[in-house]
Amino acid sequence: MKAIFKKEFSSYMHSVVGFLFMAVTIFFFALYAVVYNMLSGYAYVSYTLNAILFLFLLSIPILSMRILAEERKQKTDQLILTAPISVGKIVLGKYLAMAAIFMIPVALMCVFPLYLQQFGTIPMGETYVAIFAFTLYGLTCIAVGLFVSSITESQVIAAVLSFGLLFVTYMMSGIQNIISTTGNLLTKFLGIFDFYTRFSNMTMGMLDVTSVVYFVSVIVLLLFLTSQSIQKRRYSVSVRNLSMGAYSSVTVVVALVLTVIVNMIAGELPTKYTNIDVTSNQLYTITDQTREMLENLTEDISIYVISDEEDADATVNQTLKCYADASSHVTVTYVDPLVNPHFVSQYTTSSISQNSLVVESDKRYKIISYNDLYETEIDYSTYSQNVTGYDGEGQLTSAIFYCTNDDMPKVYMIAGHNEYSLDNGFLTALEKENIEYETISLMEYDAVPDDAQCLIIHAPEKDFSEDDANKVIDYLNKGGKALITAEYVDAQMPNFERILSEFGLAIQKGYAVDNNPENYYQSPIWLLPNVEYSEETNGLTGSHTYVMAPYAQGIAVPETE
């Protein structure tokens, strides 16, 4: 085998085919890397790898077309077949020679992320898993080309057939959708030949073990079929040949069955064993708190995905698999709006977007808009909306808690004193925590409502009446909670200050000023406080986000509680 490998590898290194293959692969990788990673600033090398995947349709047939077909045509294969070496070693030696040529540009690709890291933060785990997926895809395509070359003596026919087969495996997902958007027995069978989807499964920060098993098993199967194709030519036409033909057919069937069984077993394993999250922020892994909540779940939860399963968001799908694996009480169902257009109407009269979720229990249900699953921000330099984060777990856990919890906390927002309106982001956060909220005027109540678990007094500009202040003080003295903010106003507010003084707090008159330019923005009263690291401030310190406090006031706190 070593001699076969050296012969073929040397042949490629001394011919235009080997260098052309490496040069074309490196050229197109560099071209798309400049476009995606250098000019557009994308940190994900997977974008570049996905863009050049089409090269395999042309380059690998050219690389593999002569590997066996030419020797068969020139009759030089007889020398090898009569040599004291097994057919399997012959096939493996030739395959490894082509794989070595392919791995040279792949090795250069592995260096590229290290270069990019000099200019910013690169998701190394996701990047190298994508390169690994690219390598498996390429090695599988080489195995296809080797097998095709073994069944013909024409290089042209070998190249054309290889191109046709690789094109079909590349486009199989689209072919399945053309046949049926909902899926049927035929599309499931055709899915066996879908190389591209398996590659895509590992380019989003997830090491998919089932895809690895698929590629490896297909490579082994194709090498075995190549050996069987050559083996049949070692014997002349005789009674023995007939028996060898039967033996070969039986072994081929056994190999096919074993390959299917191995992939079926891998597919049935829980996702916690087959899907390894390599993202830096563990995007596809649910937290211990969510896992504990799901393990203690006693009520059945149905999650409906408003989408065909084939077209559903891959990231959301992975999150849903984690939930279903963590609890037997969670079931996930895909509802194709084209097949069942009236399904959503039983929950809402409004239209909801594709890939939205409906979480339902026997008590109640909650709709999660697809737009709420992703955090976005507007880039005002281009006026485009960019995705900045994924909140699938937060939204799902919140919805399940809402559907199963009997005690819903409620907060009251005090109005009537020119209070500021609360930001939509804050209200969205309350809804996500399943906290009901209501705006009230204390003048209309004899006391703070009994079901109030918290009061929010947001920067009043007019003073409280004595009666309103007494209601708040009575509520707090009974163990109530309050979130109170204040701003500078050029007016006396004795009753509002009395609420604070009841607990030893006192707002200092005037603005807080800092004379150090490093601690303010443009004006000494627009403060930039230092944000120290803690669990609560992780979102700020991790993203190096500034917090500006304009017109801040001092609050005197008693030395003793």
# chains A, B, ... in the order shown; residues from 1 in each chain; ligands from 1
>>> residues_around(residues="A:Tyr370", least_positions_apart="6", cutoff="8 Å", atoms="only C-alpha atoms", output="list in words")
Ser353, Gln354, Asn355, Ser356 and Leu357 of chain A
>>> select_by_dssp(residues="stretch 254-411 of chain A", states="strand (DSSP E or B)", output="PyMOL selection string")
chain A and resi 275-277+301-305+330-334+357-360+365-368+374-379+384-390+410-411
>>> closest_atom_pairs(of="stretch 333-443 of chain A", to="stretch 479-497 of chain A", cutoff="12 Å", atoms="only C-alpha atoms", output="tab-separated table")
residue	atom	partner	partner_atom	distance
A:Lys410	CA	A:Lys481	CA	11.6
A:Val411	CA	A:Ala482	CA	9.2
A:Tyr412	CA	A:Ala482	CA	9.5
A:Met413	CA	A:Leu483	CA	9.5
A:Ile414	CA	A:Ile484	CA	10.1
A:His417	CA	A:Phe496	CA	10.1
A:Asn418	CA	A:Val489	CA	11.5
A:Glu419	CA	A:Ala486	CA	9.5
A:Tyr420	CA	A:Thr485	CA	9.8
A:Leu422	CA	A:Thr485	CA	11.2
>>> closest_residue(among="A:Glu559, A:Asp407, A:Asp277, A:Glu518", to="A:Val209", atoms="only C-alpha atoms")
A:Asp277
>>> closest_residue(among="A:Phe28, A:Tyr196, A:Tyr334, A:Phe147", to="A:Asp308", atoms="only C-alpha atoms")
A:Tyr334
>>> atom_distance(atom1="atom CA of A:Leu49", atom2="atom CA of A:Phe19")
20.0 Å
>>> closest_residue(among="A:Asn50, A:Ser350, A:Ser398, A:Ser150", to="A:Tyr137", atoms="only C-alpha atoms")
A:Asn50
>>> select_by_dssp(residues="stretch 390-533 of chain A", states="helix (DSSP H, G or I)", output="ChimeraX atom specification")
/A:392-404,424-432,442-444,466-477,494-501,517-519
>>> closest_residue(among="A:Met408, A:Val168, A:Ile151, A:Val359", to="A:Leu190", atoms="only C-alpha atoms")
A:Val168
>>> residues_around(residues="A:Ala3", least_positions_apart="6", cutoff="12 Å", atoms="only C-alpha atoms", output="ChimeraX atom specification")
/A:9-10,80,83,85,89-90,92-94,96-97
>>> residues_around(residues="A:Tyr390", least_positions_apart="2", cutoff="9 Å", atoms="only C-alpha atoms", output="PyMOL selection string")
chain A and resi 283+315+372-376+387-388+392-394
>>> residues_around(residues="stretch 259-270 of chain A", least_positions_apart="2", cutoff="8 Å", atoms="only C-alpha atoms", output="list in words")
Val209, Thr210, Val213, Tyr214, Ser217, Val218, Leu221, Ala255, Leu256, Val257, Lys272, Tyr273, Thr274 and Asp325 of chain A
